[in-house]
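Structure data (compact mmCIF, N, CA and C atoms) from data25.txt:
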```
# COMPACT_ATOMS: atom_id res chain seq x y z
N GLN A 1 51.18 -9.39 -15.39
CA GLN A 1 51.09 -8.18 -16.20
C GLN A 1 49.90 -7.35 -15.75
N VAL A 2 50.02 -6.04 -15.92
CA VAL A 2 48.96 -5.11 -15.51
C VAL A 2 48.67 -4.17 -16.65
N GLN A 3 47.42 -4.06 -17.02
CA GLN A 3 46.99 -3.07 -18.00
C GLN A 3 46.26 -1.95 -17.29
N LEU A 4 46.56 -0.72 -17.71
CA LEU A 4 45.99 0.46 -17.07
C LEU A 4 45.32 1.34 -18.12
N VAL A 5 44.15 1.84 -17.79
CA VAL A 5 43.42 2.72 -18.70
C VAL A 5 42.98 3.96 -17.95
N GLU A 6 43.51 5.12 -18.37
CA GLU A 6 43.13 6.40 -17.77
C GLU A 6 41.94 7.00 -18.49
N SER A 7 41.18 7.82 -17.77
CA SER A 7 40.08 8.58 -18.34
C SER A 7 39.83 9.79 -17.48
N GLY A 8 39.02 10.71 -18.00
CA GLY A 8 38.62 11.86 -17.21
C GLY A 8 39.30 13.16 -17.56
N GLY A 9 40.25 13.12 -18.48
CA GLY A 9 40.91 14.36 -18.86
C GLY A 9 39.99 15.25 -19.67
N GLY A 10 40.45 16.47 -19.91
CA GLY A 10 39.66 17.40 -20.70
C GLY A 10 40.18 18.80 -20.60
N LEU A 11 39.35 19.73 -21.06
CA LEU A 11 39.68 21.16 -21.04
C LEU A 11 38.88 21.83 -19.93
N VAL A 12 39.57 22.60 -19.10
CA VAL A 12 38.91 23.26 -17.98
C VAL A 12 39.55 24.63 -17.78
N GLN A 13 38.78 25.56 -17.27
CA GLN A 13 39.32 26.89 -16.99
C GLN A 13 40.10 26.88 -15.67
N ALA A 14 41.02 27.80 -15.56
CA ALA A 14 41.78 27.93 -14.32
C ALA A 14 40.82 28.08 -13.14
N GLY A 15 41.15 27.39 -12.05
CA GLY A 15 40.29 27.39 -10.88
C GLY A 15 39.27 26.26 -10.87
N GLY A 16 39.14 25.57 -11.99
CA GLY A 16 38.18 24.48 -12.09
C GLY A 16 38.72 23.17 -11.56
N SER A 17 37.91 22.12 -11.73
CA SER A 17 38.25 20.80 -11.19
C SER A 17 38.05 19.72 -12.24
N LEU A 18 38.82 18.65 -12.09
CA LEU A 18 38.66 17.45 -12.89
C LEU A 18 38.97 16.25 -12.00
N ARG A 19 38.38 15.12 -12.33
CA ARG A 19 38.72 13.88 -11.65
C ARG A 19 39.18 12.86 -12.69
N LEU A 20 40.41 12.42 -12.53
CA LEU A 20 40.95 11.39 -13.40
C LEU A 20 40.73 10.02 -12.78
N SER A 21 40.54 9.03 -13.65
CA SER A 21 40.39 7.65 -13.20
C SER A 21 41.42 6.77 -13.89
N CYS A 22 41.82 5.72 -13.20
CA CYS A 22 42.75 4.75 -13.77
C CYS A 22 42.23 3.37 -13.40
N ALA A 23 41.75 2.65 -14.40
CA ALA A 23 41.23 1.30 -14.18
C ALA A 23 42.33 0.28 -14.44
N THR A 24 42.43 -0.71 -13.57
CA THR A 24 43.47 -1.74 -13.69
C THR A 24 42.87 -3.08 -14.11
N SER A 25 43.66 -3.87 -14.82
CA SER A 25 43.21 -5.19 -15.26
C SER A 25 43.44 -6.24 -14.19
N ARG A 26 44.26 -5.91 -13.23
CA ARG A 26 44.56 -6.85 -12.16
C ARG A 26 43.98 -6.33 -10.85
N SER A 27 43.65 -7.22 -9.95
CA SER A 27 43.11 -6.82 -8.67
C SER A 27 44.05 -5.82 -7.99
N MET A 28 43.51 -4.66 -7.64
CA MET A 28 44.33 -3.62 -7.06
C MET A 28 44.85 -4.02 -5.69
N SER A 29 44.21 -4.96 -5.04
CA SER A 29 44.68 -5.39 -3.73
C SER A 29 46.03 -6.11 -3.82
N SER A 30 46.44 -6.46 -5.04
CA SER A 30 47.73 -7.11 -5.23
C SER A 30 48.80 -6.12 -5.70
N ILE A 31 48.43 -4.87 -5.87
CA ILE A 31 49.36 -3.84 -6.35
C ILE A 31 49.72 -2.94 -5.18
N ASN A 32 50.97 -2.96 -4.79
CA ASN A 32 51.37 -2.23 -3.59
C ASN A 32 51.27 -0.72 -3.77
N VAL A 33 51.90 -0.21 -4.81
CA VAL A 33 51.95 1.24 -5.00
C VAL A 33 51.39 1.59 -6.37
N MET A 34 50.52 2.59 -6.38
CA MET A 34 50.04 3.16 -7.63
C MET A 34 50.30 4.66 -7.59
N ALA A 35 50.57 5.21 -8.76
CA ALA A 35 50.97 6.61 -8.79
C ALA A 35 50.42 7.31 -10.04
N TRP A 36 50.42 8.63 -9.96
CA TRP A 36 50.12 9.49 -11.11
C TRP A 36 51.39 10.26 -11.46
N TYR A 37 51.63 10.36 -12.76
CA TYR A 37 52.70 11.18 -13.30
C TYR A 37 52.09 12.10 -14.35
N ARG A 38 52.85 13.11 -14.74
CA ARG A 38 52.38 13.98 -15.84
C ARG A 38 53.57 14.44 -16.65
N GLN A 39 53.28 14.77 -17.91
CA GLN A 39 54.32 15.26 -18.81
C GLN A 39 53.77 16.41 -19.62
N ALA A 40 54.35 17.58 -19.40
CA ALA A 40 53.97 18.77 -20.15
C ALA A 40 54.79 18.84 -21.43
N PRO A 41 54.31 19.56 -22.44
CA PRO A 41 55.05 19.67 -23.70
C PRO A 41 56.47 20.19 -23.48
N GLY A 42 57.44 19.49 -24.02
CA GLY A 42 58.82 19.92 -23.92
C GLY A 42 59.48 19.67 -22.58
N LYS A 43 58.77 18.99 -21.68
CA LYS A 43 59.33 18.74 -20.35
C LYS A 43 59.40 17.24 -20.07
N GLN A 44 60.19 16.89 -19.08
CA GLN A 44 60.27 15.49 -18.68
C GLN A 44 59.04 15.08 -17.88
N ARG A 45 58.77 13.80 -17.90
CA ARG A 45 57.67 13.29 -17.09
C ARG A 45 58.02 13.48 -15.61
N GLU A 46 57.03 13.93 -14.84
CA GLU A 46 57.26 14.16 -13.42
C GLU A 46 56.22 13.45 -12.57
N TRP A 47 56.67 13.06 -11.40
CA TRP A 47 55.80 12.39 -10.45
C TRP A 47 54.84 13.40 -9.83
N VAL A 48 53.57 13.00 -9.65
CA VAL A 48 52.55 13.88 -9.11
C VAL A 48 52.11 13.42 -7.72
N ALA A 49 51.76 12.15 -7.61
CA ALA A 49 51.24 11.63 -6.34
C ALA A 49 51.30 10.11 -6.37
N GLN A 50 51.27 9.52 -5.17
CA GLN A 50 51.23 8.07 -5.09
C GLN A 50 50.42 7.63 -3.89
N ALA A 51 49.90 6.40 -4.00
CA ALA A 51 49.11 5.83 -2.92
C ALA A 51 49.49 4.37 -2.75
N ALA A 52 49.84 4.01 -1.54
CA ALA A 52 50.20 2.63 -1.24
C ALA A 52 48.98 1.87 -0.75
N ILE A 53 49.05 0.56 -0.82
CA ILE A 53 47.92 -0.26 -0.46
C ILE A 53 47.58 -0.11 1.03
N ALA A 54 48.58 0.24 1.82
CA ALA A 54 48.36 0.42 3.25
C ALA A 54 47.67 1.74 3.57
N GLY A 55 47.48 2.57 2.56
CA GLY A 55 46.78 3.83 2.78
C GLY A 55 47.68 5.06 2.76
N TYR A 56 48.99 4.83 2.72
CA TYR A 56 49.92 5.96 2.70
C TYR A 56 49.83 6.71 1.37
N THR A 57 49.79 8.03 1.43
CA THR A 57 49.79 8.86 0.22
C THR A 57 50.87 9.92 0.31
N ASP A 58 51.30 10.37 -0.86
CA ASP A 58 52.31 11.42 -0.91
C ASP A 58 52.09 12.23 -2.18
N TYR A 59 52.50 13.51 -2.12
CA TYR A 59 52.23 14.42 -3.23
C TYR A 59 53.46 15.27 -3.54
N ALA A 60 53.56 15.64 -4.80
CA ALA A 60 54.55 16.64 -5.18
C ALA A 60 54.15 17.98 -4.58
N ASN A 61 55.13 18.78 -4.24
CA ASN A 61 54.85 20.07 -3.60
C ASN A 61 53.96 20.94 -4.48
N SER A 62 54.10 20.82 -5.80
CA SER A 62 53.35 21.68 -6.72
C SER A 62 51.85 21.40 -6.71
N VAL A 63 51.44 20.24 -6.21
CA VAL A 63 50.01 19.90 -6.22
C VAL A 63 49.45 19.69 -4.81
N LYS A 64 50.30 19.72 -3.82
CA LYS A 64 49.86 19.46 -2.45
C LYS A 64 48.80 20.47 -2.04
N GLY A 65 47.72 19.98 -1.47
CA GLY A 65 46.62 20.84 -1.05
C GLY A 65 45.58 21.07 -2.12
N ARG A 66 45.89 20.70 -3.36
CA ARG A 66 44.94 20.88 -4.47
C ARG A 66 44.48 19.54 -5.05
N PHE A 67 45.38 18.57 -5.08
CA PHE A 67 45.08 17.25 -5.65
C PHE A 67 44.92 16.22 -4.54
N THR A 68 44.03 15.25 -4.79
CA THR A 68 43.85 14.15 -3.85
C THR A 68 43.85 12.83 -4.61
N ILE A 69 44.73 11.93 -4.19
CA ILE A 69 44.80 10.61 -4.80
C ILE A 69 44.03 9.63 -3.92
N SER A 70 43.35 8.69 -4.56
CA SER A 70 42.63 7.69 -3.80
C SER A 70 42.57 6.38 -4.59
N ARG A 71 42.33 5.32 -3.86
CA ARG A 71 42.22 3.99 -4.46
C ARG A 71 40.92 3.36 -4.01
N ASP A 72 40.22 2.74 -4.96
CA ASP A 72 39.04 1.95 -4.63
C ASP A 72 39.38 0.52 -5.03
N ASN A 73 39.87 -0.24 -4.07
CA ASN A 73 40.32 -1.59 -4.39
C ASN A 73 39.18 -2.48 -4.86
N ALA A 74 37.98 -2.22 -4.39
CA ALA A 74 36.83 -3.03 -4.80
C ALA A 74 36.51 -2.82 -6.27
N LYS A 75 36.77 -1.62 -6.77
CA LYS A 75 36.49 -1.31 -8.17
C LYS A 75 37.74 -1.40 -9.05
N ASN A 76 38.87 -1.72 -8.41
CA ASN A 76 40.14 -1.78 -9.15
C ASN A 76 40.40 -0.49 -9.92
N THR A 77 40.17 0.62 -9.25
CA THR A 77 40.30 1.92 -9.89
C THR A 77 40.99 2.90 -8.94
N MET A 78 41.88 3.68 -9.51
CA MET A 78 42.54 4.75 -8.78
C MET A 78 42.04 6.08 -9.32
N TYR A 79 41.99 7.08 -8.46
CA TYR A 79 41.48 8.39 -8.86
C TYR A 79 42.49 9.48 -8.53
N LEU A 80 42.36 10.58 -9.24
CA LEU A 80 43.09 11.80 -8.90
C LEU A 80 42.10 12.95 -9.00
N GLN A 81 41.67 13.44 -7.86
CA GLN A 81 40.79 14.61 -7.81
C GLN A 81 41.66 15.85 -7.86
N MET A 82 41.45 16.67 -8.88
CA MET A 82 42.26 17.87 -9.08
C MET A 82 41.39 19.10 -8.93
N ASN A 83 41.67 19.92 -7.94
CA ASN A 83 40.91 21.14 -7.67
C ASN A 83 41.81 22.36 -7.87
N ASN A 84 41.17 23.50 -8.04
CA ASN A 84 41.91 24.75 -8.21
C ASN A 84 43.01 24.59 -9.26
N LEU A 85 42.63 24.10 -10.41
CA LEU A 85 43.61 23.83 -11.46
C LEU A 85 44.23 25.11 -11.99
N LYS A 86 45.49 25.00 -12.37
CA LYS A 86 46.25 26.14 -12.88
C LYS A 86 46.74 25.82 -14.30
N PRO A 87 47.01 26.84 -15.10
CA PRO A 87 47.53 26.57 -16.46
C PRO A 87 48.78 25.69 -16.45
N GLU A 88 49.60 25.81 -15.43
CA GLU A 88 50.81 25.00 -15.36
C GLU A 88 50.54 23.53 -15.05
N ASP A 89 49.29 23.19 -14.77
CA ASP A 89 48.92 21.79 -14.60
C ASP A 89 48.64 21.10 -15.94
N THR A 90 48.63 21.88 -17.01
CA THR A 90 48.41 21.32 -18.34
C THR A 90 49.47 20.29 -18.68
N ALA A 91 49.04 19.09 -19.01
CA ALA A 91 49.97 17.99 -19.29
C ALA A 91 49.17 16.75 -19.68
N VAL A 92 49.89 15.75 -20.14
CA VAL A 92 49.31 14.42 -20.27
C VAL A 92 49.56 13.71 -18.94
N TYR A 93 48.51 13.18 -18.36
CA TYR A 93 48.60 12.52 -17.06
C TYR A 93 48.59 11.00 -17.27
N TYR A 94 49.53 10.34 -16.62
CA TYR A 94 49.70 8.89 -16.73
C TYR A 94 49.54 8.24 -15.36
N CYS A 95 48.92 7.09 -15.33
CA CYS A 95 48.93 6.32 -14.09
C CYS A 95 49.98 5.22 -14.22
N GLN A 96 50.52 4.86 -13.09
CA GLN A 96 51.57 3.85 -13.03
C GLN A 96 51.26 2.88 -11.90
N ALA A 97 51.52 1.61 -12.17
CA ALA A 97 51.37 0.58 -11.14
C ALA A 97 52.69 -0.18 -11.00
N THR A 98 53.11 -0.39 -9.77
CA THR A 98 54.30 -1.18 -9.50
C THR A 98 53.85 -2.55 -9.02
N TYR A 99 54.16 -3.57 -9.82
CA TYR A 99 53.71 -4.93 -9.52
C TYR A 99 54.86 -5.89 -9.79
N ASN A 100 55.17 -6.69 -8.78
CA ASN A 100 56.31 -7.63 -8.91
C ASN A 100 57.57 -6.91 -9.37
N ALA A 101 57.81 -5.74 -8.76
CA ALA A 101 59.03 -4.95 -9.00
C ALA A 101 59.12 -4.41 -10.42
N ARG A 102 58.01 -4.39 -11.12
CA ARG A 102 58.01 -3.87 -12.48
C ARG A 102 56.99 -2.76 -12.57
N ALA A 103 57.31 -1.71 -13.33
CA ALA A 103 56.41 -0.58 -13.50
C ALA A 103 55.59 -0.74 -14.78
N TYR A 104 54.30 -0.50 -14.65
CA TYR A 104 53.38 -0.54 -15.78
C TYR A 104 52.75 0.84 -15.93
N TRP A 105 52.49 1.23 -17.20
CA TRP A 105 51.97 2.56 -17.49
C TRP A 105 50.71 2.49 -18.33
N GLY A 106 49.85 3.47 -18.11
CA GLY A 106 48.71 3.64 -18.98
C GLY A 106 49.09 4.47 -20.20
N GLN A 107 48.11 4.73 -21.05
CA GLN A 107 48.37 5.45 -22.30
C GLN A 107 48.32 6.96 -22.12
N GLY A 108 47.80 7.40 -21.00
CA GLY A 108 47.75 8.83 -20.69
C GLY A 108 46.42 9.47 -21.06
N THR A 109 46.11 10.55 -20.36
CA THR A 109 44.92 11.35 -20.65
C THR A 109 45.31 12.83 -20.58
N GLN A 110 44.85 13.59 -21.55
CA GLN A 110 45.25 14.99 -21.66
C GLN A 110 44.42 15.88 -20.74
N VAL A 111 45.10 16.72 -20.00
CA VAL A 111 44.46 17.75 -19.18
C VAL A 111 44.96 19.10 -19.67
N THR A 112 44.03 19.96 -20.04
CA THR A 112 44.38 21.30 -20.51
C THR A 112 43.65 22.32 -19.66
N VAL A 113 44.40 23.23 -19.06
CA VAL A 113 43.83 24.27 -18.20
C VAL A 113 44.06 25.61 -18.87
N SER A 114 42.97 26.28 -19.19
CA SER A 114 43.07 27.59 -19.85
C SER A 114 43.05 28.71 -18.82
N SER A 115 43.74 29.79 -19.16
CA SER A 115 43.82 30.91 -18.22
C SER A 115 42.70 31.92 -18.44
```
As structure tokens, please, write out the structure in this file.
Amino acid sequence: QVQLVESGGGLVQAGGSLRLSCATSRSMSSINVMAWYRQAPGKQREWVAQAAIAGYTDYANSVKGRFTISRDNAKNTMYLQMNNLKPEDTAVYYCQATYNARAYWGQGTQVTVSS
């Protein structure tokens, strides 16, 4: 089992930056893929970015060039650096870990971008 705890959300003006963190209860070196998702009010949850243990990363087109995902296996923490934030980035952000073919989710952290 994997427990995930997100932090770092908040209120920021358009063009600003935030860094989200996701701490895991299990050694991250045993988790192949970790990802960030987000869910805006009235919308379905959508995939934002993912990072594999081998170093491979991928991003949704809407955040490519603005967001950077990273993993610190020594600290068992994943990050999402978000730059040049836009009002449409407003959502609850969730981290996800895939372990033993099962998906685990954190409780989410709110990001609000004002125009």
Test item: residues at most 10 Å from segment 55-64 of chain A, only C-alpha atoms, excluding those fewer than 2 positions along its chain, as a ChimeraX atom specification: /A:32-37,46-53,66-71,82-86,88-89
Straight-line distance linking atom CA of Gly108 of chain A with atom CA of Lys75 of chain A, stated in Å to one decimal: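 Separating atom CA of Gly108 of chain A from atom CA of Lys75 of chain A is a distance of 19.7 Å.
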For segment 26-31 of chain A, please output as a PyMOL selection string all residues within 7 Å (counting all atoms listed in the file; exclusion window: fewer than 5 positions along the same chain). chain A and resi 1-3+52-53+72-77+97-100
Atomic separation - atom CA of Gln96 of chain A relative to atom CA of Tyr79 of chain A, Å: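 Spanning atom CA of Tyr79 of chain A to atom CA of Gln96 of chain A is a straight-line distance of 11.8 Å.
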Rounded to one decimal, what separation in Å do you get between atom CA of Ala23 of chain A and atom CA of Pro41 of chain A? 24.9 Å
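Once all atoms listed in the file are considered, the residues situated within 5 Å of the file point (47.1, 22.6, -18.9) turn out to be Pro87, Asp89, Thr90, Ala91, Val111, Thr112 and Val113 of chain A.
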Please, could you write that set of residues out with N, CA and C atoms as a PDB file, in the frame of the given file?
```
ATOM      1  N   PRO A  87      47.010  26.840 -15.100  1.00  0.00           N
ATOM      2  CA  PRO A  87      47.530  26.570 -16.460  1.00  0.00           C
ATOM      3  C   PRO A  87      48.780  25.690 -16.450  1.00  0.00           C
ATOM      4  N   ASP A  89      49.290  23.190 -14.770  1.00  0.00           N
ATOM      5  CA  ASP A  89      48.920  21.790 -14.600  1.00  0.00           C
ATOM      6  C   ASP A  89      48.640  21.100 -15.940  1.00  0.00           C
ATOM      7  N   THR A  90      48.630  21.880 -17.010  1.00  0.00           N
ATOM      8  CA  THR A  90      48.410  21.320 -18.340  1.00  0.00           C
ATOM      9  C   THR A  90      49.470  20.290 -18.680  1.00  0.00           C
ATOM     10  N   ALA A  91      49.040  19.090 -19.010  1.00  0.00           N
ATOM     11  CA  ALA A  91      49.970  17.990 -19.290  1.00  0.00           C
ATOM     12  C   ALA A  91      49.170  16.750 -19.680  1.00  0.00           C
ATOM     13  N   VAL A 111      45.100  16.720 -20.000  1.00  0.00           N
ATOM     14  CA  VAL A 111      44.460  17.750 -19.180  1.00  0.00           C
ATOM     15  C   VAL A 111      44.960  19.100 -19.670  1.00  0.00           C
ATOM     16  N   THR A 112      44.030  19.960 -20.040  1.00  0.00           N
ATOM     17  CA  THR A 112      44.380  21.300 -20.510  1.00  0.00           C
ATOM     18  C   THR A 112      43.650  22.320 -19.660  1.00  0.00           C
ATOM     19  N   VAL A 113      44.400  23.230 -19.060  1.00  0.00           N
ATOM     20  CA  VAL A 113      43.830  24.270 -18.200  1.00  0.00           C
ATOM     21  C   VAL A 113      44.060  25.610 -18.870  1.00  0.00           C
TER      22      VAL A 113
END
```
For the structure I just gave you, how does DSSP split segment 25-99 of chain A - specifically, which residues are strand (DSSP E)? Reply as a PyMOL selection string. chain A and resi 33-39+46-52+57-59+67-72+77-82+91-99
Quick check for you: according to DSSP on this backbone, which residues of chain A are classed as helix (DSSP H, G or I)? Reply as a ChimeraX atom specification. /A:28-30,87-89
Using only C-alpha atoms: which of A:Ala103, A:Arg38, A:Gly65, A:Ala14 has the shortest distance to Gln81 of chain A: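 Among the listed residues, the smallest separation from Gln81 of chain A belongs to A:Gly65.
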For segment 68-93 of chain A, which lacks atoms in the input, supply N, CA, C and O atoms and format the output as a PDB file, in the frame of the given file.
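Generated output (part_8.pdb):
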```
ATOM      1  N   THR A  68      44.030  15.250  -4.790  1.00  0.00           N
ATOM      2  CA  THR A  68      43.850  14.150  -3.850  1.00  0.00           C
ATOM      3  C   THR A  68      43.850  12.830  -4.610  1.00  0.00           C
ATOM      4  O   THR A  68      43.055  12.656  -5.530  1.00  0.00           O
ATOM      5  N   ILE A  69      44.730  11.930  -4.190  1.00  0.00           N
ATOM      6  CA  ILE A  69      44.800  10.610  -4.800  1.00  0.00           C
ATOM      7  C   ILE A  69      44.030   9.630  -3.920  1.00  0.00           C
ATOM      8  O   ILE A  69      44.053   9.748  -2.686  1.00  0.00           O
ATOM      9  N   SER A  70      43.350   8.690  -4.560  1.00  0.00           N
ATOM     10  CA  SER A  70      42.630   7.690  -3.800  1.00  0.00           C
ATOM     11  C   SER A  70      42.570   6.380  -4.590  1.00  0.00           C
ATOM     12  O   SER A  70      42.733   6.388  -5.809  1.00  0.00           O
ATOM     13  N   ARG A  71      42.330   5.320  -3.860  1.00  0.00           N
ATOM     14  CA  ARG A  71      42.220   3.990  -4.460  1.00  0.00           C
ATOM     15  C   ARG A  71      40.920   3.360  -4.010  1.00  0.00           C
ATOM     16  O   ARG A  71      40.577   3.433  -2.831  1.00  0.00           O
ATOM     17  N   ASP A  72      40.220   2.740  -4.960  1.00  0.00           N
ATOM     18  CA  ASP A  72      39.040   1.950  -4.630  1.00  0.00           C
ATOM     19  C   ASP A  72      39.380   0.520  -5.030  1.00  0.00           C
ATOM     20  O   ASP A  72      39.209   0.130  -6.187  1.00  0.00           O
ATOM     21  N   ASN A  73      39.870  -0.240  -4.070  1.00  0.00           N
ATOM     22  CA  ASN A  73      40.320  -1.590  -4.390  1.00  0.00           C
ATOM     23  C   ASN A  73      39.180  -2.480  -4.860  1.00  0.00           C
ATOM     24  O   ASN A  73      39.383  -3.395  -5.653  1.00  0.00           O
ATOM     25  N   ALA A  74      37.980  -2.220  -4.390  1.00  0.00           N
ATOM     26  CA  ALA A  74      36.830  -3.030  -4.800  1.00  0.00           C
ATOM     27  C   ALA A  74      36.510  -2.820  -6.270  1.00  0.00           C
ATOM     28  O   ALA A  74      36.023  -3.741  -6.948  1.00  0.00           O
ATOM     29  N   LYS A  75      36.770  -1.620  -6.770  1.00  0.00           N
ATOM     30  CA  LYS A  75      36.490  -1.310  -8.170  1.00  0.00           C
ATOM     31  C   LYS A  75      37.740  -1.400  -9.050  1.00  0.00           C
ATOM     32  O   LYS A  75      37.681  -1.127 -10.249  1.00  0.00           O
ATOM     33  N   ASN A  76      38.870  -1.720  -8.410  1.00  0.00           N
ATOM     34  CA  ASN A  76      40.140  -1.780  -9.150  1.00  0.00           C
ATOM     35  C   ASN A  76      40.400  -0.490  -9.920  1.00  0.00           C
ATOM     36  O   ASN A  76      40.821  -0.502 -11.089  1.00  0.00           O
ATOM     37  N   THR A  77      40.170   0.620  -9.250  1.00  0.00           N
ATOM     38  CA  THR A  77      40.300   1.920  -9.890  1.00  0.00           C
ATOM     39  C   THR A  77      40.990   2.900  -8.940  1.00  0.00           C
ATOM     40  O   THR A  77      40.709   2.918  -7.743  1.00  0.00           O
ATOM     41  N   MET A  78      41.880   3.680  -9.510  1.00  0.00           N
ATOM     42  CA  MET A  78      42.540   4.750  -8.780  1.00  0.00           C
ATOM     43  C   MET A  78      42.040   6.080  -9.320  1.00  0.00           C
ATOM     44  O   MET A  78      41.697   6.174 -10.504  1.00  0.00           O
ATOM     45  N   TYR A  79      41.990   7.080  -8.460  1.00  0.00           N
ATOM     46  CA  TYR A  79      41.480   8.390  -8.860  1.00  0.00           C
ATOM     47  C   TYR A  79      42.490   9.480  -8.530  1.00  0.00           C
ATOM     48  O   TYR A  79      43.322   9.333  -7.631  1.00  0.00           O
ATOM     49  N   LEU A  80      42.360  10.580  -9.240  1.00  0.00           N
ATOM     50  CA  LEU A  80      43.090  11.800  -8.900  1.00  0.00           C
ATOM     51  C   LEU A  80      42.100  12.950  -9.000  1.00  0.00           C
ATOM     52  O   LEU A  80      41.713  13.340 -10.106  1.00  0.00           O
ATOM     53  N   GLN A  81      41.670  13.440  -7.860  1.00  0.00           N
ATOM     54  CA  GLN A  81      40.790  14.610  -7.810  1.00  0.00           C
ATOM     55  C   GLN A  81      41.660  15.850  -7.860  1.00  0.00           C
ATOM     56  O   GLN A  81      42.518  16.042  -6.996  1.00  0.00           O
ATOM     57  N   MET A  82      41.450  16.670  -8.880  1.00  0.00           N
ATOM     58  CA  MET A  82      42.260  17.870  -9.080  1.00  0.00           C
ATOM     59  C   MET A  82      41.390  19.100  -8.930  1.00  0.00           C
ATOM     60  O   MET A  82      40.449  19.293  -9.727  1.00  0.00           O
ATOM     61  N   ASN A  83      41.670  19.920  -7.940  1.00  0.00           N
ATOM     62  CA  ASN A  83      40.910  21.140  -7.670  1.00  0.00           C
ATOM     63  C   ASN A  83      41.810  22.360  -7.870  1.00  0.00           C
ATOM     64  O   ASN A  83      43.041  22.248  -7.832  1.00  0.00           O
ATOM     65  N   ASN A  84      41.170  23.500  -8.040  1.00  0.00           N
ATOM     66  CA  ASN A  84      41.910  24.750  -8.210  1.00  0.00           C
ATOM     67  C   ASN A  84      43.010  24.590  -9.260  1.00  0.00           C
ATOM     68  O   ASN A  84      44.185  24.946  -9.031  1.00  0.00           O
ATOM     69  N   LEU A  85      42.630  24.100 -10.410  1.00  0.00           N
ATOM     70  CA  LEU A  85      43.610  23.830 -11.460  1.00  0.00           C
ATOM     71  C   LEU A  85      44.230  25.110 -11.990  1.00  0.00           C
ATOM     72  O   LEU A  85      43.570  26.168 -12.053  1.00  0.00           O
ATOM     73  N   LYS A  86      45.490  25.000 -12.370  1.00  0.00           N
ATOM     74  CA  LYS A  86      46.250  26.140 -12.880  1.00  0.00           C
ATOM     75  C   LYS A  86      46.740  25.820 -14.300  1.00  0.00           C
ATOM     76  O   LYS A  86      46.893  24.635 -14.641  1.00  0.00           O
ATOM     77  N   PRO A  87      47.010  26.840 -15.100  1.00  0.00           N
ATOM     78  CA  PRO A  87      47.530  26.570 -16.460  1.00  0.00           C
ATOM     79  C   PRO A  87      48.780  25.690 -16.450  1.00  0.00           C
ATOM     80  O   PRO A  87      48.968  24.878 -17.365  1.00  0.00           O
ATOM     81  N   GLU A  88      49.600  25.810 -15.430  1.00  0.00           N
ATOM     82  CA  GLU A  88      50.810  25.000 -15.360  1.00  0.00           C
ATOM     83  C   GLU A  88      50.540  23.530 -15.050  1.00  0.00           C
ATOM     84  O   GLU A  88      51.463  22.712 -15.069  1.00  0.00           O
ATOM     85  N   ASP A  89      49.290  23.190 -14.770  1.00  0.00           N
ATOM     86  CA  ASP A  89      48.920  21.790 -14.600  1.00  0.00           C
ATOM     87  C   ASP A  89      48.640  21.100 -15.940  1.00  0.00           C
ATOM     88  O   ASP A  89      48.428  19.883 -15.986  1.00  0.00           O
ATOM     89  N   THR A  90      48.630  21.880 -17.010  1.00  0.00           N
ATOM     90  CA  THR A  90      48.410  21.320 -18.340  1.00  0.00           C
ATOM     91  C   THR A  90      49.470  20.290 -18.680  1.00  0.00           C
ATOM     92  O   THR A  90      50.670  20.583 -18.612  1.00  0.00           O
ATOM     93  N   ALA A  91      49.040  19.090 -19.010  1.00  0.00           N
ATOM     94  CA  ALA A  91      49.970  17.990 -19.290  1.00  0.00           C
ATOM     95  C   ALA A  91      49.170  16.750 -19.680  1.00  0.00           C
ATOM     96  O   ALA A  91      47.944  16.714 -19.527  1.00  0.00           O
ATOM     97  N   VAL A  92      49.890  15.750 -20.140  1.00  0.00           N
ATOM     98  CA  VAL A  92      49.310  14.420 -20.270  1.00  0.00           C
ATOM     99  C   VAL A  92      49.560  13.710 -18.940  1.00  0.00           C
ATOM    100  O   VAL A  92      50.698  13.670 -18.452  1.00  0.00           O
ATOM    101  N   TYR A  93      48.510  13.180 -18.360  1.00  0.00           N
ATOM    102  CA  TYR A  93      48.600  12.520 -17.060  1.00  0.00           C
ATOM    103  C   TYR A  93      48.590  11.000 -17.270  1.00  0.00           C
ATOM    104  O   TYR A  93      47.729  10.467 -17.990  1.00  0.00           O
TER     105      TYR A  93
END
```
